[in-house]
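Engineer: So here's protein-v4.cif (mmCIF, C-alpha atoms (C1' of nucleotides)).
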```cif
data_data
loop_
_atom_site.group_PDB
_atom_site.id
_atom_site.type_symbol
_atom_site.label_atom_id
_atom_site.label_comp_id
_atom_site.auth_asym_id
_atom_site.auth_seq_id
_atom_site.Cartn_x
_atom_site.Cartn_y
_atom_site.Cartn_z
ATOM 1 C CA MET A 1 104.205 178.579 105.831
ATOM 2 C CA ARG A 2 103.199 181.999 107.093
ATOM 3 C CA ARG A 3 105.889 183.090 109.485
ATOM 4 C CA ASP A 4 105.606 186.607 110.760
ATOM 5 C CA VAL A 5 106.138 188.226 114.127
ATOM 6 C CA PHE A 6 102.442 188.378 114.944
ATOM 7 C CA GLN A 7 101.947 184.709 114.327
ATOM 8 C CA ALA A 8 105.042 184.029 116.434
ATOM 9 C CA ILE A 9 103.794 185.859 119.517
ATOM 10 C CA ALA A 10 100.339 184.282 119.273
ATOM 11 C CA ASP A 11 101.458 181.262 121.276
ATOM 12 C CA PRO A 12 101.689 181.785 125.063
ATOM 13 C CA THR A 13 104.684 179.463 125.451
ATOM 14 C CA ARG A 14 106.524 181.459 122.806
ATOM 15 C CA ARG A 15 105.690 184.707 124.561
ATOM 16 C CA ALA A 16 107.065 183.211 127.774
ATOM 17 C CA ILE A 17 110.251 182.136 125.981
ATOM 18 C CA ILE A 18 110.628 185.641 124.575
ATOM 19 C CA ALA A 19 110.236 187.158 128.029
ATOM 20 C CA LEU A 20 112.831 184.794 129.479
ATOM 21 C CA ILE A 21 115.531 185.296 126.889
ATOM 22 C CA ALA A 22 114.936 189.040 126.900
ATOM 23 C CA ILE A 23 116.817 189.097 130.205
ATOM 24 C CA HIS A 24 119.714 186.951 129.028
ATOM 25 C CA ALA A 25 120.475 184.306 126.425
ATOM 26 C CA MET A 26 119.457 180.740 127.300
ATOM 27 C CA THR A 27 119.903 177.233 125.942
ATOM 28 C CA PRO A 28 116.921 175.094 124.844
ATOM 29 C CA ASN A 29 117.506 172.804 127.813
ATOM 30 C CA ALA A 30 117.527 175.636 130.318
ATOM 31 C CA LEU A 31 114.363 177.008 128.727
ATOM 32 C CA ALA A 32 112.594 173.658 128.748
ATOM 33 C CA ASN A 33 113.022 173.484 132.530
ATOM 34 C CA HIS A 34 110.661 176.434 132.809
ATOM 35 C CA PHE A 35 107.811 174.726 130.992
ATOM 36 C CA ASP A 36 105.958 171.463 131.246
ATOM 37 C CA VAL A 37 106.475 170.564 127.609
ATOM 38 C CA SER A 38 109.336 168.506 126.232
ATOM 39 C CA ARG A 39 112.709 169.923 125.237
ATOM 40 C CA GLN A 40 111.845 169.122 121.619
ATOM 41 C CA ALA A 41 108.673 171.167 121.785
ATOM 42 C CA VAL A 42 110.679 174.133 123.044
ATOM 43 C CA SER A 43 113.130 173.504 120.231
ATOM 44 C CA LYS A 44 110.333 173.742 117.698
ATOM 45 C CA HIS A 45 109.201 177.037 119.194
ATOM 46 C CA LEU A 46 112.758 178.303 118.975
ATOM 47 C CA ARG A 47 112.890 177.323 115.323
ATOM 48 C CA ILE A 48 109.748 179.317 114.619
ATOM 49 C CA LEU A 49 111.143 182.297 116.518
ATOM 50 C CA THR A 50 114.398 181.974 114.587
ATOM 51 C CA GLU A 51 112.627 181.743 111.235
ATOM 52 C CA CYS A 52 110.887 185.054 111.796
ATOM 53 C CA GLU A 53 114.143 186.522 113.142
ATOM 54 C CA LEU A 54 112.818 187.273 116.605
ATOM 55 C CA VAL A 55 115.679 185.261 118.014
ATOM 56 C CA LYS A 56 119.313 184.689 117.164
ATOM 57 C CA GLN A 57 121.619 181.796 118.006
ATOM 58 C CA ASP A 58 125.019 181.874 119.613
ATOM 59 C CA GLN A 59 126.722 178.480 119.575
ATOM 60 C CA GLN A 60 129.218 177.730 122.325
ATOM 61 C CA GLY A 61 130.596 174.233 122.126
ATOM 62 C CA ARG A 62 127.641 171.903 122.019
ATOM 63 C CA GLU A 63 125.363 174.448 123.616
ATOM 64 C CA ILE A 64 123.344 176.976 121.669
ATOM 65 C CA PHE A 65 122.347 180.158 123.445
ATOM 66 C CA TYR A 66 119.230 181.819 122.125
ATOM 67 C CA GLN A 67 118.943 185.543 122.442
ATOM 68 C CA LEU A 68 116.095 187.940 121.736
ATOM 69 C CA GLU A 69 116.407 190.153 118.672
ATOM 70 C CA LEU A 70 115.036 193.324 120.213
ATOM 71 C CA GLU A 71 114.997 195.173 116.888
ATOM 72 C CA LYS A 72 112.401 192.754 115.582
ATOM 73 C CA MET A 73 110.184 193.377 118.584
ATOM 74 C CA LYS A 74 109.978 196.983 117.474
ATOM 75 C CA GLU A 75 108.019 195.783 114.458
ATOM 76 C CA ILE A 76 105.084 195.153 116.760
ATOM 77 C CA ASP A 77 105.588 198.535 118.338
ATOM 78 C CA LYS A 78 105.572 200.083 114.882
ATOM 79 C CA TRP A 79 102.275 198.431 114.005
ATOM 80 C CA LEU A 80 100.765 199.668 117.265
ATOM 81 C CA GLU A 81 101.865 203.189 116.431
ATOM 82 C CA GLN A 82 98.831 203.846 114.200
ATOM 83 C CA PHE A 83 96.471 203.006 117.068
ATOM 84 C CA ARG A 84 98.501 204.888 119.621
ATOM 85 C CA LYS A 85 97.996 207.947 117.445
ATOM 86 C CA ILE A 86 94.250 207.415 117.561
ATOM 87 C CA TRP A 87 93.978 206.892 121.293
ATOM 88 C CA GLU A 88 96.155 209.897 121.956
ATOM 89 C CA SER A 89 94.029 212.102 119.704
ATOM 90 C CA ARG A 90 90.885 210.815 121.457
ATOM 91 C CA PHE A 91 92.489 211.682 124.752
ATOM 92 C CA ASN A 92 93.190 215.177 123.500
ATOM 93 C CA GLN A 93 89.581 215.506 122.423
ATOM 94 C CA LEU A 94 88.531 214.608 125.948
ATOM 95 C CA ASP A 95 91.046 217.160 127.165
ATOM 96 C CA ASN A 96 89.377 219.816 125.054
ATOM 97 C CA VAL A 97 85.972 218.897 126.389
ATOM 98 C CA LEU A 98 87.256 219.273 129.937
ATOM 99 C CA ALA A 99 88.891 222.582 129.097
ATOM 100 C CA ASN A 100 85.666 223.884 127.604
ATOM 101 C CA LEU A 101 83.706 222.858 130.663
ATOM 102 C CA LYS A 102 86.170 224.777 132.788
ATOM 103 C CA ASN A 103 85.871 227.904 130.615
ATOM 104 C CA GLN A 104 82.102 227.782 130.751
ATOM 105 C CA LYS A 105 82.223 227.883 134.521
ATOM 106 C CA LYS A 106 84.039 231.182 134.467
ATOM 107 C CA MET B 1 89.140 177.676 122.610
ATOM 108 C CA ARG B 2 92.047 179.949 123.408
ATOM 109 C CA ARG B 3 90.871 183.457 122.675
ATOM 110 C CA ASP B 4 93.213 186.235 123.596
ATOM 111 C CA VAL B 5 94.295 189.431 121.927
ATOM 112 C CA PHE B 6 97.573 187.987 120.676
ATOM 113 C CA GLN B 7 95.902 185.083 118.986
ATOM 114 C CA ALA B 8 93.378 187.500 117.496
ATOM 115 C CA ILE B 9 95.971 189.718 115.832
ATOM 116 C CA ALA B 10 97.906 186.735 114.483
ATOM 117 C CA ASP B 11 95.740 186.571 111.388
ATOM 118 C CA PRO B 12 96.546 189.154 108.671
ATOM 119 C CA THR B 13 92.909 189.528 107.614
ATOM 120 C CA ARG B 14 91.974 190.286 111.205
ATOM 121 C CA ARG B 15 94.744 192.870 111.458
ATOM 122 C CA ALA B 16 93.401 194.484 108.281
ATOM 123 C CA ILE B 17 89.877 194.512 109.723
ATOM 124 C CA ILE B 18 91.193 196.119 112.897
ATOM 125 C CA ALA B 19 92.985 198.796 110.909
ATOM 126 C CA LEU B 20 89.848 199.554 108.879
ATOM 127 C CA ILE B 21 87.430 199.866 111.767
ATOM 128 C CA ALA B 22 89.919 201.882 113.760
ATOM 129 C CA ILE B 23 89.047 204.803 111.477
ATOM 130 C CA HIS B 24 85.277 204.361 111.746
ATOM 131 C CA ALA B 25 82.733 201.656 112.496
ATOM 132 C CA MET B 26 81.811 199.368 109.597
ATOM 133 C CA THR B 27 79.291 196.633 108.808
ATOM 134 C CA PRO B 28 80.377 193.076 107.918
ATOM 135 C CA ASN B 29 79.209 193.608 104.348
ATOM 136 C CA ALA B 30 81.184 196.818 103.908
ATOM 137 C CA LEU B 31 84.226 195.082 105.379
ATOM 138 C CA ALA B 32 83.875 192.032 103.141
ATOM 139 C CA ASN B 33 84.133 194.288 100.081
ATOM 140 C CA HIS B 34 87.717 195.003 101.083
ATOM 141 C CA PHE B 35 88.788 191.371 101.042
ATOM 142 C CA ASP B 36 88.586 188.464 98.664
ATOM 143 C CA VAL B 37 87.044 186.123 101.182
ATOM 144 C CA SER B 38 83.329 185.560 101.684
ATOM 145 C CA ARG B 39 81.125 187.716 103.866
ATOM 146 C CA GLN B 40 80.731 184.741 106.200
ATOM 147 C CA ALA B 41 84.470 184.426 106.631
ATOM 148 C CA VAL B 42 84.655 188.084 107.650
ATOM 149 C CA SER B 43 81.760 187.448 110.020
ATOM 150 C CA LYS B 44 83.719 184.659 111.665
ATOM 151 C CA HIS B 45 86.707 186.941 112.121
ATOM 152 C CA LEU B 46 84.429 189.535 113.675
ATOM 153 C CA ARG B 47 83.089 186.938 116.065
ATOM 154 C CA ILE B 48 86.606 186.100 117.182
ATOM 155 C CA LEU B 49 87.431 189.777 117.593
ATOM 156 C CA THR B 50 84.222 190.251 119.579
ATOM 157 C CA GLU B 51 84.931 187.262 121.800
ATOM 158 C CA CYS B 52 88.256 188.685 122.892
ATOM 159 C CA GLU B 53 86.633 192.128 123.260
ATOM 160 C CA LEU B 54 88.766 193.840 120.655
ATOM 161 C CA VAL B 55 85.605 194.921 118.904
ATOM 162 C CA LYS B 56 82.150 196.032 119.954
ATOM 163 C CA GLN B 57 78.863 195.966 118.084
ATOM 164 C CA ASP B 58 76.405 198.754 117.484
ATOM 165 C CA GLN B 59 73.197 197.515 115.930
ATOM 166 C CA GLN B 60 71.226 199.933 113.788
ATOM 167 C CA GLY B 61 68.174 198.348 112.262
ATOM 168 C CA ARG B 62 69.304 195.294 110.405
ATOM 169 C CA GLU B 63 72.841 196.549 110.137
ATOM 170 C CA ILE B 64 75.517 195.940 112.744
ATOM 171 C CA PHE B 65 78.383 198.382 112.910
ATOM 172 C CA TYR B 66 81.591 197.004 114.328
ATOM 173 C CA GLN B 67 83.911 199.342 116.114
ATOM 174 C CA LEU B 68 87.411 198.898 117.505
ATOM 175 C CA GLU B 69 87.760 198.727 121.271
ATOM 176 C CA LEU B 70 90.894 200.839 121.574
ATOM 177 C CA GLU B 71 91.291 200.097 125.284
ATOM 178 C CA LYS B 72 91.876 196.440 124.487
ATOM 179 C CA MET B 73 94.608 197.329 122.010
ATOM 180 C CA LYS B 74 96.492 198.841 124.903
ATOM 181 C CA GLU B 75 96.876 195.344 126.295
ATOM 182 C CA ILE B 76 99.406 194.656 123.559
ATOM 183 C CA ASP B 77 101.111 197.928 124.284
ATOM 184 C CA LYS B 78 101.288 196.962 127.931
ATOM 185 C CA TRP B 79 102.964 193.655 127.080
ATOM 186 C CA LEU B 80 105.495 195.452 124.894
ATOM 187 C CA GLU B 81 106.297 197.768 127.781
ATOM 188 C CA GLN B 82 108.751 195.296 129.353
ATOM 189 C CA PHE B 83 110.756 195.129 126.133
ATOM 190 C CA ARG B 84 110.579 198.842 125.536
ATOM 191 C CA LYS B 85 112.239 199.239 128.920
ATOM 192 C CA ILE B 86 115.051 196.977 127.793
ATOM 193 C CA TRP B 87 115.676 198.623 124.462
ATOM 194 C CA GLU B 88 115.624 202.037 126.055
ATOM 195 C CA SER B 89 118.141 200.998 128.694
ATOM 196 C CA ARG B 90 120.378 199.492 125.969
ATOM 197 C CA PHE B 91 120.093 202.755 124.109
ATOM 198 C CA ASN B 92 121.159 204.623 127.249
ATOM 199 C CA GLN B 93 124.112 202.290 127.641
ATOM 200 C CA LEU B 94 125.166 203.174 124.098
ATOM 201 C CA ASP B 95 124.623 206.777 125.034
ATOM 202 C CA ASN B 96 127.010 206.383 127.951
ATOM 203 C CA VAL B 97 129.620 204.776 125.741
ATOM 204 C CA LEU B 98 129.408 207.695 123.338
ATOM 205 C CA ALA B 99 129.583 210.169 126.206
ATOM 206 C CA ASN B 100 132.678 208.447 127.578
ATOM 207 C CA LEU B 101 134.357 208.508 124.191
ATOM 208 C CA LYS B 102 133.683 212.217 124.022
ATOM 209 C CA ASN B 103 135.155 212.803 127.479
ATOM 210 C CA GLN B 104 138.265 210.826 126.653
ATOM 211 C CA LYS B 105 138.921 213.102 123.705
ATOM 212 C CA LYS B 106 139.083 216.159 125.944
ATOM 213 C "C1'" DA C 1 137.829 154.687 124.330
ATOM 214 C "C1'" DT C 2 133.313 154.792 126.199
ATOM 215 C "C1'" DT C 3 129.571 157.058 128.025
ATOM 216 C "C1'" DT C 4 126.854 161.047 128.872
ATOM 217 C "C1'" DT C 5 124.874 165.259 127.433
ATOM 218 C "C1'" DG C 6 122.831 168.992 124.336
ATOM 219 C "C1'" DA C 7 120.594 169.678 120.405
ATOM 220 C "C1'" DG C 8 118.240 169.316 115.774
ATOM 221 C "C1'" DA C 9 115.352 166.331 112.385
ATOM 222 C "C1'" DA C 10 111.717 163.138 111.130
ATOM 223 C "C1'" DA C 11 107.467 160.732 111.583
ATOM 224 C "C1'" DC C 12 103.294 160.744 113.588
ATOM 225 C "C1'" DC C 13 98.810 162.496 115.843
ATOM 226 C "C1'" DA C 14 94.908 165.192 117.793
ATOM 227 C "C1'" DA C 15 93.085 169.597 117.936
ATOM 228 C "C1'" DA C 16 92.500 174.130 116.127
ATOM 229 C "C1'" DT C 17 92.064 177.289 112.200
ATOM 230 C "C1'" DA C 18 90.359 179.586 108.149
ATOM 231 C "C1'" DG C 19 87.827 178.924 104.675
ATOM 232 C "C1'" DT C 20 83.633 177.198 102.112
ATOM 233 C "C1'" DT C 21 78.362 176.402 101.116
ATOM 234 C "C1'" DG C 22 73.737 176.262 102.606
ATOM 235 C "C1'" DC C 23 70.104 177.705 105.751
ATOM 236 C "C1'" DA C 24 67.364 180.635 109.066
ATOM 237 C "C1'" DT C 25 65.817 185.054 110.600
ATOM 238 C "C1'" DA C 26 64.895 189.751 111.118
ATOM 239 C "C1'" DT C 27 64.538 194.255 108.989
ATOM 240 C "C1'" DA C 28 63.715 197.221 104.777
ATOM 241 C "C1'" DT C 29 61.797 198.081 100.381
ATOM 242 C "C1'" DT C 30 58.370 197.555 96.712
ATOM 243 C "C1'" DA D 1 51.836 190.988 101.220
ATOM 244 C "C1'" DA D 2 55.834 189.717 98.653
ATOM 245 C "C1'" DT D 3 60.552 190.448 97.840
ATOM 246 C "C1'" DA D 4 65.179 191.889 98.753
ATOM 247 C "C1'" DT D 5 68.880 192.678 101.978
ATOM 248 C "C1'" DA D 6 71.973 192.180 106.151
ATOM 249 C "C1'" DT D 7 73.451 189.135 109.238
ATOM 250 C "C1'" DG D 8 74.461 185.074 112.024
ATOM 251 C "C1'" DC D 9 74.791 179.997 112.553
ATOM 252 C "C1'" DA D 10 75.794 175.086 111.352
ATOM 253 C "C1'" DA D 11 78.046 171.540 108.909
ATOM 254 C "C1'" DC D 12 81.815 170.260 106.327
ATOM 255 C "C1'" DT D 13 86.799 170.367 104.623
ATOM 256 C "C1'" DA D 14 91.754 171.059 103.927
ATOM 257 C "C1'" DT D 15 95.599 172.835 106.185
ATOM 258 C "C1'" DT D 16 98.238 174.305 110.078
ATOM 259 C "C1'" DT D 17 99.594 173.895 114.722
ATOM 260 C "C1'" DG D 18 101.594 172.180 118.938
ATOM 261 C "C1'" DG D 19 102.698 168.368 120.894
ATOM 262 C "C1'" DT D 20 104.744 163.620 121.265
ATOM 263 C "C1'" DT D 21 108.336 159.760 120.540
ATOM 264 C "C1'" DT D 22 112.310 157.991 118.278
ATOM 265 C "C1'" DC D 23 116.658 158.655 116.016
ATOM 266 C "C1'" DT D 24 121.108 160.740 114.812
ATOM 267 C "C1'" DC D 25 125.129 163.461 115.617
ATOM 268 C "C1'" DA D 26 128.606 166.193 117.758
ATOM 269 C "C1'" DA D 27 130.837 167.843 121.932
ATOM 270 C "C1'" DA D 28 132.130 166.918 126.972
ATOM 271 C "C1'" DA D 29 133.104 164.122 130.705
ATOM 272 C "C1'" DT D 30 134.643 159.739 132.649
#
```
What is this file in structure tokens?

Structural biologist:
Amino acid sequence: MRRDVFQAIADPTRRAIIALIAIHAMTPNALANHFDVSRQAVSKHLRILTECELVKQDQQGREIFYQLELEKMKEIDKWLEQFRKIWESRFNQLDNVLANLKNQKK
Amino acid sequence: MRRDVFQAIADPTRRAIIALIAIHAMTPNALANHFDVSRQAVSKHLRILTECELVKQDQQGREIFYQLELEKMKEIDKWLEQFRKIWESRFNQLDNVLANLKNQKK
DNA sequence: ATTTTGAGAAACCAAATAGTTGCATATATT
DNA sequence: AATATATGCAACTATTTGGTTTCTCAAAAT
């Protein structure tokens, strides 16, 4: 059972759940109202998100509030970092080209 | 056939392919040497990456060089933006708390 | 005390996924 | 011209996925 962040955000419903609970913690029932799948389906998504630690639970009576674990989201950001470096360096190269064109005009 | 960037990067082999061709364009054969799956399996991954426009082809004779489409990678970055906003604002809130503590000491 | 409500677990199912092997085709090499 | 190489495509397979329905259990509400 592969269970990493990237696999977790592959599903659009899960991405929507993540976006919702990023604002404030929500119960499975409250979440399920936002989608046209059953409460149990949402529950399964929440389990997957919990297993890869993208989400943490906060039980209050019989309700369980799910909250986004922002730290874990940074893992994606960290992976993107290597590409951000590349596209920034490419941008700088373009910058140099433009600068050279300018100098040649003088 | 759902085929978006998030689903594309869910597979670890595909993420490895992306990382490799980010440096410079590579042929399917050259790529397959880096993994312990068949050349055809790599080819299938490349097709998926092509379909969601994360990768573009550059045919040279009988060889096809695959290159990363950096622009498309920014789509992920764009999605992360909303969460980056949140974690930065939380960080500022912490900042304020620390600042207040400092002021109270005076 | 009884009923309602919120939630997880289990069993089941259809579709998608990631891999394989075998084949076809176009381009190089000899 | 014959052979070797690079690649894509098709058919097949085992496993995973995302969903359902049914059941159980604990906490609130009546």

Engineer: Taking the file as shown, find all residues satisfying the PyMOL selection byres ((chain C) within 8 of (chain A)) and write them as a list of chain:residue names.

Structural biologist: C:DG6, C:DA7, C:DG8

Engineer: Would you work out the distance separating atom CA of A:Lys72 from atom CA of A:Val5, expressed in Å to one decimal?

Structural biologist: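 Answer for the atom CA of A:Lys72 to atom CA of A:Val5 separation: 7.9 Å.
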
Engineer: With chain A as the partner and 9 Å as the cut-off, tabulate the residues of chain B that qualify, each row holding the nearest pair of atoms and their distance in Å to one decimal, using only C-alpha atoms, sorted by chain and rising number, as a tab-separated table.

Structural biologist:
```
residue	atom	partner	partner_atom	distance
B:Asp4	CA	A:Ala10	CA	8.6
B:Val5	CA	A:Ala10	CA	8.4
B:Phe6	CA	A:Ala10	CA	4.8
B:Gln7	CA	A:Ala10	CA	4.5
B:Ala8	CA	A:Ala10	CA	7.9
B:Ile9	CA	A:Phe6	CA	6.7
B:Ala10	CA	A:Gln7	CA	4.5
B:Asp11	CA	A:Gln7	CA	7.1
B:Pro12	CA	A:Phe6	CA	8.6
B:Ala19	CA	A:Phe83	CA	8.2
B:Ala22	CA	A:Phe83	CA	7.4
B:Ile23	CA	A:Ile86	CA	8.4
B:Leu70	CA	A:Trp87	CA	6.8
B:Glu71	CA	A:Trp87	CA	8.3
B:Met73	CA	A:Phe83	CA	7.8
B:Lys74	CA	A:Arg84	CA	8.3
B:Ile76	CA	A:Leu80	CA	8.2
B:Asp77	CA	A:Leu80	CA	7.2
B:Leu80	CA	A:Asp77	CA	7.2
B:Gln82	CA	A:Ala19	CA	8.4
B:Phe83	CA	A:Ala22	CA	7.4
B:Arg84	CA	A:Lys74	CA	8.3
B:Ile86	CA	A:Ala22	CA	8.0
B:Trp87	CA	A:Leu70	CA	6.8
```

Engineer: Using all atoms of stretch 16-20 of chain D that appear in the file, construct an axis-aligned enclosing box with 4 Å of padding on every side and provide its centre coordinates and edge lengths in Å, rounded to one decimal, as AutoDock Vina command-line options.

Structural biologist:
```
--center_x 101.5 --center_y 169.0 --center_z 115.7 --size_x 14.5 --size_y 18.7 --size_z 19.2
```

Engineer: Distance cut-off 8 Å, counting only C-alpha atoms (C1' of nucleotides) - which residues of chain D neighbour chain B? Return them as a list in words.

Structural biologist: DA6, DT7 and DG8 of chain D

Engineer: Take the point (89.6, 175.5, 115.9) in the file's coordinates, draw a sphere of radius 12 Å around it, and report as a PDB file with C-alpha atoms (C1' of nucleotides), in the frame of the given file every protein, DNA or RNA residue with an atom inside or on it, counting all atoms listed in the file.

Structural biologist:
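The resulting file, selection-v5.pdb, is shown below:
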```
ATOM      1  CA  MET B   1      89.140 177.676 122.610  1.00  0.00           C
ATOM      2  CA  ARG B   2      92.047 179.949 123.408  1.00  0.00           C
ATOM      3  CA  ARG B   3      90.871 183.457 122.675  1.00  0.00           C
ATOM      4  CA  GLN B   7      95.902 185.083 118.986  1.00  0.00           C
ATOM      5  CA  LYS B  44      83.719 184.659 111.665  1.00  0.00           C
ATOM      6  CA  ILE B  48      86.606 186.100 117.182  1.00  0.00           C
TER       7      ILE B  48
ATOM      8  C1'  DA C  14      94.908 165.192 117.793  1.00  0.00           C
ATOM      9  C1'  DA C  15      93.085 169.597 117.936  1.00  0.00           C
ATOM     10  C1'  DA C  16      92.500 174.130 116.127  1.00  0.00           C
ATOM     11  C1'  DT C  17      92.064 177.289 112.200  1.00  0.00           C
ATOM     12  C1'  DA C  18      90.359 179.586 108.149  1.00  0.00           C
ATOM     13  C1'  DG C  19      87.827 178.924 104.675  1.00  0.00           C
TER      14       DG C  19
ATOM     15  C1'  DT D  15      95.599 172.835 106.185  1.00  0.00           C
ATOM     16  C1'  DT D  16      98.238 174.305 110.078  1.00  0.00           C
ATOM     17  C1'  DT D  17      99.594 173.895 114.722  1.00  0.00           C
TER      18       DT D  17
END
```

Engineer: Identify the residues within 9 Å of coordinate (132.5, 163.5, 127.0) (same frame as the file), considering only C-alpha atoms (C1' of nucleotides), and give the answer as a ChimeraX atom specification.

Structural biologist: /C:2-5 /D:27-30

Engineer: Find the distance between atom C1' of D:DA11 and atom CA of B:Ala41 and write it in Å to one decimal.

Structural biologist: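 Rounded to one decimal, the two atoms are 14.6 Å apart.
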
Engineer: Using the chain letters and numbers from this file, what does the PyMOL selection byres ((chain D and resi 24) around 12) select? Give the answer as a list in words.

Structural biologist: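 Evaluating the PyMOL selection byres ((chain D and resi 24) around 12) on this file yields DA7, DG8, DA9 and DA10 of chain C; DT22, DC23, DC25 and DA26 of chain D.
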
Engineer: Would you fill out stretch 55-73 of chain A with N, CA and C atoms and return it as a CSV table (one decimal), keeping the file's coordinate frame?

Structural biologist:
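Below you can see result-v8.csv, which holds the result:
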```
chain,number,residue,atom,x,y,z
A,55,VAL,N,114.7,185.9,117.1
A,55,VAL,CA,115.7,185.3,118.0
A,55,VAL,C,116.9,185.0,117.2
A,56,LYS,N,118.1,185.1,117.9
A,56,LYS,CA,119.3,184.7,117.2
A,56,LYS,C,120.1,183.7,118.0
A,57,GLN,N,120.9,182.9,117.3
A,57,GLN,CA,121.6,181.8,118.0
A,57,GLN,C,123.1,182.2,118.2
A,58,ASP,N,123.6,181.6,119.3
A,58,ASP,CA,125.0,181.9,119.6
A,58,ASP,C,125.6,180.6,120.1
A,59,GLN,N,126.2,179.8,119.2
A,59,GLN,CA,126.7,178.5,119.6
A,59,GLN,C,128.0,178.6,120.4
A,60,GLN,N,128.0,177.8,121.5
A,60,GLN,CA,129.2,177.7,122.3
A,60,GLN,C,129.5,176.3,122.7
A,61,GLY,N,130.4,175.7,122.0
A,61,GLY,CA,130.6,174.2,122.1
A,61,GLY,C,129.4,173.5,121.6
A,62,ARG,N,128.8,172.6,122.5
A,62,ARG,CA,127.6,171.9,122.0
A,62,ARG,C,126.4,172.6,122.5
A,63,GLU,N,126.5,173.7,123.2
A,63,GLU,CA,125.4,174.4,123.6
A,63,GLU,C,125.1,175.6,122.6
A,64,ILE,N,123.8,175.9,122.5
A,64,ILE,CA,123.3,177.0,121.7
A,64,ILE,C,122.5,177.9,122.5
A,65,PHE,N,123.1,179.2,122.7
A,65,PHE,CA,122.3,180.2,123.4
A,65,PHE,C,121.4,181.0,122.5
A,66,TYR,N,120.2,181.0,122.9
A,66,TYR,CA,119.2,181.8,122.1
A,66,TYR,C,119.0,183.2,122.8
A,67,GLN,N,119.0,184.2,121.9
A,67,GLN,CA,118.9,185.5,122.4
A,67,GLN,C,117.9,186.3,121.7
A,68,LEU,N,117.2,187.2,122.4
A,68,LEU,CA,116.1,187.9,121.7
A,68,LEU,C,116.7,189.0,120.8
A,69,GLU,N,116.0,189.1,119.6
A,69,GLU,CA,116.4,190.2,118.7
A,69,GLU,C,115.5,191.3,118.9
A,70,LEU,N,115.9,192.2,119.8
A,70,LEU,CA,115.0,193.3,120.2
A,70,LEU,C,114.5,194.2,119.0
A,71,GLU,N,115.4,194.4,118.1
A,71,GLU,CA,115.0,195.2,116.9
A,71,GLU,C,113.7,194.7,116.3
A,72,LYS,N,113.6,193.3,116.2
A,72,LYS,CA,112.4,192.8,115.6
A,72,LYS,C,111.1,193.0,116.4
A,73,MET,N,111.3,193.1,117.7
A,73,MET,CA,110.2,193.4,118.6
A,73,MET,C,109.6,194.7,118.3
```
